[in-house]
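**Student:** Quick one: the structure is below, questions incoming.
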Amino acid sequence: MSAQLSVTGLTKRFGGLVAVDALDLAVEKGAIHGLIGPNGAGKTTLFSMISGTLPVSAGRVEFEGTDVTGLPPHRTVSCGMVRTFQRSAVFHHFTVIENLLLGTHLLARPTVLGSLFGPHRRFSPADLEAADETLAFIGLADYRDAAAETLPLGHQRSLGIGIALAAKPRLLMLDEPAAGMNRTESETLMQLIRDVRDRLGATVLLVEHDMQTVMGLCERITVLNFGRKLAEGSPVEIAANPAVIEAYLGLDEDAQRVAAHA
Ligand SMILES: Nc1ncnc2c1ncn2[C@@H]1O[C@H](COP(=O)(O)OP(=O)(O)OP(=O)(O)O)[C@@H](O)[C@H]1O
């Protein structure tokens with residue numbers, strides 16, 4: 001099977017620091033693929049290069065056979081790749097349905113102002129219908145007209161995913177979606193991510209520190225360390241990999257989480 005996302009020799013240098021070092025990564029269509037690694041391993045930098053928010057120093061990113069290296073974010077979105085950020089990216093003062101409506105327009109525009117005040121600022125009945133569909137899909141129909149800032153963290157994260165879904169991604173990239181969540185919230189999130197793959201057919205690539213979420217959700221996991229690929233395999237293979245456990249040693253919390261799944 002050929003990869004939907006193919007990263008070759010991708011490199012990011014910040015002055016003398018090589019944050020991502022000649023990395024190769026293949027993500028299969030329809031996979032839920034996890035990216036883990038100790039703090040500073042280069043996970044977010046990799047995401048940012050793939051999604052076009054950070055220029056690459058070297059290497060190539062191909063999506064569905066097209067070279068998307070260095071394209072700005074609104075172009076990668078048009079190609080079908082949508083990324084969320086570590087902190088939940090919702091518009092706090094807007095209602096839930098307004099957030100989803102903005103998502104439709106925002107993600108495909110180069111600037112926020114362009115989306116709010118540009119020629120397409122009026123929402124059509126079709127936009128509203130699509131936003132309501134997404135609202136039901138993310139399980140927030142009861143909160144339709146609530147201000148986003150009043151939602152609990154788990155719901156805000158679901159809304160963040162809903163905003164990303166408005167752009168109809170074929171690859172959804174999630175940066176630490178479960179950060180700060182309690183177990184119940186992360187279970188709900190995991191089900192939503194499975195639904196994104198199973199019901200919408202999107203591939204999911206996620207960075208996550210919460211091992212229970214990663215191990216329970218992903219079919220394939222890539223481990224980064226110092227900007228390089230340390231290991232790749234199924235959750236069972238990764239949890240039993242001595243190099244992976246070694247990389248996490250000394251980082252007490254993460255080490256315990258990895259060891260707990262070995
Ligand atoms: N804009 C920047 N300028 C300089 N150095 C940076 C910049 N962004 C990241 N780095 C450095 O690059 C390395 C990789 O950082 P990155 O945030 O990608 O790691 P990460 O694996 O996502 O870490 P975490 O799990 O803590 O989010 C780190 O050493 C970081 O300090």
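Letters A, B, ... mark the chains of the structure tokens in the order given; residue numbers begin at 1 per chain; ligand numbers begin at 1, in order shown.
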How close does chain A get to ligand 1? List, as JSON lines, each residue of chain A within 10 Å, its nearest atom pair and the distance in Å to one decimal, counting only C-alpha atoms and all ligand atoms.
**Tutor:**
{"residue": "A:Lys12", "atom": "CA", "partner": "ligand 1", "partner_atom_place_in_ligand_line": "12 (O)", "distance": 8.3}
{"residue": "A:Arg13", "atom": "CA", "partner": "ligand 1", "partner_atom_place_in_ligand_line": "5 (N)", "distance": 8.1}
{"residue": "A:Phe14", "atom": "CA", "partner": "ligand 1", "partner_atom_place_in_ligand_line": "4 (C)", "distance": 5.0}
{"residue": "A:Gly15", "atom": "CA", "partner": "ligand 1", "partner_atom_place_in_ligand_line": "4 (C)", "distance": 7.5}
{"residue": "A:Gly16", "atom": "CA", "partner": "ligand 1", "partner_atom_place_in_ligand_line": "5 (N)", "distance": 9.4}
{"residue": "A:Leu17", "atom": "CA", "partner": "ligand 1", "partner_atom_place_in_ligand_line": "12 (O)", "distance": 7.0}
{"residue": "A:Val18", "atom": "CA", "partner": "ligand 1", "partner_atom_place_in_ligand_line": "12 (O)", "distance": 7.2}
{"residue": "A:Ala19", "atom": "CA", "partner": "ligand 1", "partner_atom_place_in_ligand_line": "12 (O)", "distance": 4.3}
{"residue": "A:Val20", "atom": "CA", "partner": "ligand 1", "partner_atom_place_in_ligand_line": "14 (C)", "distance": 7.1}
{"residue": "A:Leu35", "atom": "CA", "partner": "ligand 1", "partner_atom_place_in_ligand_line": "21 (O)", "distance": 9.1}
{"residue": "A:Ile36", "atom": "CA", "partner": "ligand 1", "partner_atom_place_in_ligand_line": "21 (O)", "distance": 7.6}
{"residue": "A:Gly37", "atom": "CA", "partner": "ligand 1", "partner_atom_place_in_ligand_line": "21 (O)", "distance": 6.1}
{"residue": "A:Pro38", "atom": "CA", "partner": "ligand 1", "partner_atom_place_in_ligand_line": "25 (O)", "distance": 5.9}
{"residue": "A:Asn39", "atom": "CA", "partner": "ligand 1", "partner_atom_place_in_ligand_line": "26 (O)", "distance": 3.6}
{"residue": "A:Gly40", "atom": "CA", "partner": "ligand 1", "partner_atom_place_in_ligand_line": "19 (O)", "distance": 3.4}
{"residue": "A:Ala41", "atom": "CA", "partner": "ligand 1", "partner_atom_place_in_ligand_line": "21 (O)", "distance": 3.7}
{"residue": "A:Gly42", "atom": "CA", "partner": "ligand 1", "partner_atom_place_in_ligand_line": "18 (O)", "distance": 3.3}
{"residue": "A:Lys43", "atom": "CA", "partner": "ligand 1", "partner_atom_place_in_ligand_line": "21 (O)", "distance": 3.8}
{"residue": "A:Thr44", "atom": "CA", "partner": "ligand 1", "partner_atom_place_in_ligand_line": "22 (O)", "distance": 3.7}
{"residue": "A:Thr45", "atom": "CA", "partner": "ligand 1", "partner_atom_place_in_ligand_line": "18 (O)", "distance": 3.7}
{"residue": "A:Leu46", "atom": "CA", "partner": "ligand 1", "partner_atom_place_in_ligand_line": "18 (O)", "distance": 6.4}
{"residue": "A:Phe47", "atom": "CA", "partner": "ligand 1", "partner_atom_place_in_ligand_line": "18 (O)", "distance": 8.0}
{"residue": "A:Ser48", "atom": "CA", "partner": "ligand 1", "partner_atom_place_in_ligand_line": "18 (O)", "distance": 8.3}
{"residue": "A:Met49", "atom": "CA", "partner": "ligand 1", "partner_atom_place_in_ligand_line": "18 (O)", "distance": 9.9}
{"residue": "A:Leu54", "atom": "CA", "partner": "ligand 1", "partner_atom_place_in_ligand_line": "1 (N)", "distance": 8.7}
{"residue": "A:Gln86", "atom": "CA", "partner": "ligand 1", "partner_atom_place_in_ligand_line": "27 (O)", "distance": 8.1}
{"residue": "A:Asp175", "atom": "CA", "partner": "ligand 1", "partner_atom_place_in_ligand_line": "22 (O)", "distance": 8.6}
{"residue": "A:Glu176", "atom": "CA", "partner": "ligand 1", "partner_atom_place_in_ligand_line": "27 (O)", "distance": 8.3}
{"residue": "A:Val207", "atom": "CA", "partner": "ligand 1", "partner_atom_place_in_ligand_line": "22 (O)", "distance": 8.0}
{"residue": "A:Glu208", "atom": "CA", "partner": "ligand 1", "partner_atom_place_in_ligand_line": "25 (O)", "distance": 8.0}
{"residue": "A:His209", "atom": "CA", "partner": "ligand 1", "partner_atom_place_in_ligand_line": "25 (O)", "distance": 7.1}
{"residue": "A:Val223", "atom": "CA", "partner": "ligand 1", "partner_atom_place_in_ligand_line": "21 (O)", "distance": 9.9}
{"residue": "A:Leu224", "atom": "CA", "partner": "ligand 1", "partner_atom_place_in_ligand_line": "21 (O)", "distance": 7.5}
{"residue": "A:Asn225", "atom": "CA", "partner": "ligand 1", "partner_atom_place_in_ligand_line": "21 (O)", "distance": 7.9}
{"residue": "A:Phe226", "atom": "CA", "partner": "ligand 1", "partner_atom_place_in_ligand_line": "14 (C)", "distance": 7.6}
{"residue": "A:Gly227", "atom": "CA", "partner": "ligand 1", "partner_atom_place_in_ligand_line": "14 (C)", "distance": 7.0}
**Student:** Using DSSP on the backbone coordinates, identify all residues within range 120-164 of chain A classified as helix (DSSP H, G or I); present the result as a PDB file with C-alpha atoms, in the first residue's frame.
**Tutor:**
ATOM      1  CA  PRO A 125     -27.990  27.872   4.302  1.00  0.00           C
ATOM      2  CA  ALA A 126     -25.699  25.066   3.070  1.00  0.00           C
ATOM      3  CA  ASP A 127     -22.954  26.321   5.415  1.00  0.00           C
ATOM      4  CA  LEU A 128     -25.406  26.266   8.297  1.00  0.00           C
ATOM      5  CA  GLU A 129     -26.569  22.770   7.410  1.00  0.00           C
ATOM      6  CA  ALA A 130     -22.976  21.550   7.246  1.00  0.00           C
ATOM      7  CA  ALA A 131     -22.165  23.208  10.588  1.00  0.00           C
ATOM      8  CA  ASP A 132     -25.193  21.557  12.203  1.00  0.00           C
ATOM      9  CA  GLU A 133     -24.113  18.184  10.824  1.00  0.00           C
ATOM     10  CA  THR A 134     -20.656  18.645  12.317  1.00  0.00           C
ATOM     11  CA  LEU A 135     -22.265  19.783  15.574  1.00  0.00           C
ATOM     12  CA  ALA A 136     -24.174  16.500  15.795  1.00  0.00           C
ATOM     13  CA  PHE A 137     -21.097  14.509  14.772  1.00  0.00           C
ATOM     14  CA  ALA A 141     -25.881  19.557  19.796  1.00  0.00           C
ATOM     15  CA  ASP A 142     -27.012  20.445  23.328  1.00  0.00           C
ATOM     16  CA  TYR A 143     -24.468  23.275  23.431  1.00  0.00           C
ATOM     17  CA  ALA A 148     -17.375  28.330  23.556  1.00  0.00           C
ATOM     18  CA  GLU A 149     -15.600  29.719  26.628  1.00  0.00           C
ATOM     19  CA  THR A 150     -18.289  28.259  28.897  1.00  0.00           C
ATOM     20  CA  LEU A 153     -12.180  21.409  28.431  1.00  0.00           C
ATOM     21  CA  GLY A 154     -13.216  18.102  26.844  1.00  0.00           C
ATOM     22  CA  HIS A 155     -16.034  19.769  24.907  1.00  0.00           C
ATOM     23  CA  GLN A 156     -13.760  22.621  23.830  1.00  0.00           C
ATOM     24  CA  ARG A 157     -11.343  20.080  22.373  1.00  0.00           C
ATOM     25  CA  SER A 158     -14.183  18.336  20.530  1.00  0.00           C
ATOM     26  CA  LEU A 159     -15.197  21.726  19.177  1.00  0.00           C
ATOM     27  CA  GLY A 160     -11.604  22.351  18.062  1.00  0.00           C
ATOM     28  CA  ILE A 161     -11.765  19.078  16.125  1.00  0.00           C
ATOM     29  CA  GLY A 162     -15.175  20.099  14.735  1.00  0.00           C
ATOM     30  CA  ILE A 163     -13.678  23.365  13.432  1.00  0.00           C
ATOM     31  CA  ALA A 164     -10.936  21.367  11.730  1.00  0.00           C
TER      32      ALA A 164
END
**Student:** Could you work out how far CA of Lys168 in chain A lies from CA of Ser78 in chain A, giving the answer in Å with one decimal?
**Tutor:**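 Straight-line distance from CA of Ser78 in chain A to CA of Lys168 in chain A works out to 9.3 Å.
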**Student:** So which bits of range 30-233 of chain A end up strand (DSSP E) when you DSSP the backbone, as an MDAnalysis selection string?
**Tutor:** chainID A and resid 32:36 58:63 66:67 81:83 171:175 203:207 220:225 228:233
**Student:** So, with only C-alpha atoms as the atoms that count, which of A:Arg197, A:His93, A:Lys229, A:Arg183 lies closest to Gln212 in chain A?
**Tutor:** A:Arg183
**Student:** List the neighbours of Phe94 in chain A out to 9 Å using only C-alpha atoms; skip same-chain residues closer than 4 positions along the sequence, and give me the result as a PyMOL selection string.
**Tutor:** chain A and resi 90+98-99+145-149
**Student:** Show which residues sit within 10 Å of Ser186 in chain A, as an mmCIF file with N, CA, C and O atoms, in the first residue's frame. Count only C-alpha atoms, and ignore same-chain residues fewer than 2 positions away.
**Tutor:**
data_model
loop_
_atom_site.group_PDB
_atom_site.id
_atom_site.type_symbol
_atom_site.label_atom_id
_atom_site.label_comp_id
_atom_site.auth_asym_id
_atom_site.auth_seq_id
_atom_site.Cartn_x
_atom_site.Cartn_y
_atom_site.Cartn_z
ATOM 1 N N GLY A 154 -13.012 19.209 27.781
ATOM 2 C CA GLY A 154 -13.216 18.102 26.844
ATOM 3 C C GLY A 154 -14.091 18.534 25.674
ATOM 4 O O GLY A 154 -13.806 18.216 24.509
ATOM 5 N N ARG A 157 -12.222 20.830 23.279
ATOM 6 C CA ARG A 157 -11.343 20.080 22.373
ATOM 7 C C ARG A 157 -12.150 19.448 21.236
ATOM 8 O O ARG A 157 -11.725 19.448 20.086
ATOM 9 N N PRO A 177 -4.161 16.274 21.560
ATOM 10 C CA PRO A 177 -5.590 16.517 21.787
ATOM 11 C C PRO A 177 -6.064 16.165 23.189
ATOM 12 O O PRO A 177 -7.035 16.741 23.670
ATOM 13 N N ALA A 178 -5.357 15.250 23.881
ATOM 14 C CA ALA A 178 -5.841 14.810 25.200
ATOM 15 C C ALA A 178 -5.157 15.537 26.360
ATOM 16 O O ALA A 178 -5.442 15.221 27.521
ATOM 17 N N ALA A 179 -4.310 16.524 26.051
ATOM 18 C CA ALA A 179 -3.558 17.198 27.125
ATOM 19 C C ALA A 179 -4.501 17.802 28.165
ATOM 20 O O ALA A 179 -5.446 18.514 27.828
ATOM 21 N N GLY A 180 -4.239 17.484 29.424
ATOM 22 C CA GLY A 180 -5.005 18.073 30.522
ATOM 23 C C GLY A 180 -6.370 17.462 30.759
ATOM 24 O O GLY A 180 -7.124 17.911 31.622
ATOM 25 N N MET A 181 -6.695 16.430 29.999
ATOM 26 C CA MET A 181 -8.035 15.833 30.136
ATOM 27 C C MET A 181 -8.064 14.794 31.250
ATOM 28 O O MET A 181 -7.057 14.128 31.507
ATOM 29 N N ASN A 182 -9.254 14.626 31.854
ATOM 30 C CA ASN A 182 -9.410 13.493 32.761
ATOM 31 C C ASN A 182 -9.746 12.255 31.925
ATOM 32 O O ASN A 182 -9.939 12.340 30.704
ATOM 33 N N ARG A 183 -9.799 11.092 32.584
ATOM 34 C CA ARG A 183 -9.975 9.829 31.855
ATOM 35 C C ARG A 183 -11.284 9.790 31.066
ATOM 36 O O ARG A 183 -11.328 9.327 29.923
ATOM 37 N N THR A 184 -12.363 10.279 31.684
ATOM 38 C CA THR A 184 -13.657 10.249 30.988
ATOM 39 C C THR A 184 -13.597 11.100 29.729
ATOM 40 O O THR A 184 -14.075 10.694 28.660
ATOM 41 N N THR A 188 -13.937 9.867 25.696
ATOM 42 C CA THR A 188 -14.866 10.476 24.732
ATOM 43 C C THR A 188 -14.103 10.956 23.500
ATOM 44 O O THR A 188 -14.527 10.754 22.360
ATOM 45 N N LEU A 189 -12.953 11.569 23.752
ATOM 46 C CA LEU A 189 -12.118 12.059 22.649
ATOM 47 C C LEU A 189 -11.663 10.910 21.748
ATOM 48 O O LEU A 189 -11.698 11.011 20.517
ATOM 49 N N MET A 190 -11.253 9.803 22.369
ATOM 50 C CA MET A 190 -10.791 8.656 21.579
ATOM 51 C C MET A 190 -11.903 8.155 20.672
ATOM 52 O O MET A 190 -11.671 7.813 19.510
ATOM 53 N N GLN A 191 -13.115 8.116 21.194
ATOM 54 C CA GLN A 191 -14.231 7.648 20.372
ATOM 55 C C GLN A 191 -14.479 8.611 19.208
ATOM 56 O O GLN A 191 -14.728 8.179 18.076
ATOM 57 N N LEU A 192 -14.375 9.915 19.502
ATOM 58 C CA LEU A 192 -14.562 10.903 18.429
ATOM 59 C C LEU A 192 -13.494 10.711 17.340
ATOM 60 O O LEU A 192 -13.800 10.746 16.143
ATOM 61 N N ASP A 210 -0.136 11.395 26.328
ATOM 62 C CA ASP A 210 -0.913 10.487 27.174
ATOM 63 C C ASP A 210 -0.856 9.069 26.584
ATOM 64 O O ASP A 210 -1.477 8.783 25.561
ATOM 65 N N GLN A 212 -1.931 6.166 27.538
ATOM 66 C CA GLN A 212 -3.156 5.349 27.490
ATOM 67 C C GLN A 212 -3.949 5.684 26.215
ATOM 68 O O GLN A 212 -4.479 4.793 25.548
ATOM 69 N N THR A 213 -3.984 6.966 25.888
ATOM 70 C CA THR A 213 -4.686 7.390 24.668
ATOM 71 C C THR A 213 -3.950 6.861 23.431
ATOM 72 O O THR A 213 -4.564 6.287 22.529
#
**Student:** Separation of CA of Gly30 in chain A and CA of Leu174 in chain A, in Å?
**Tutor:** 14.9 Å
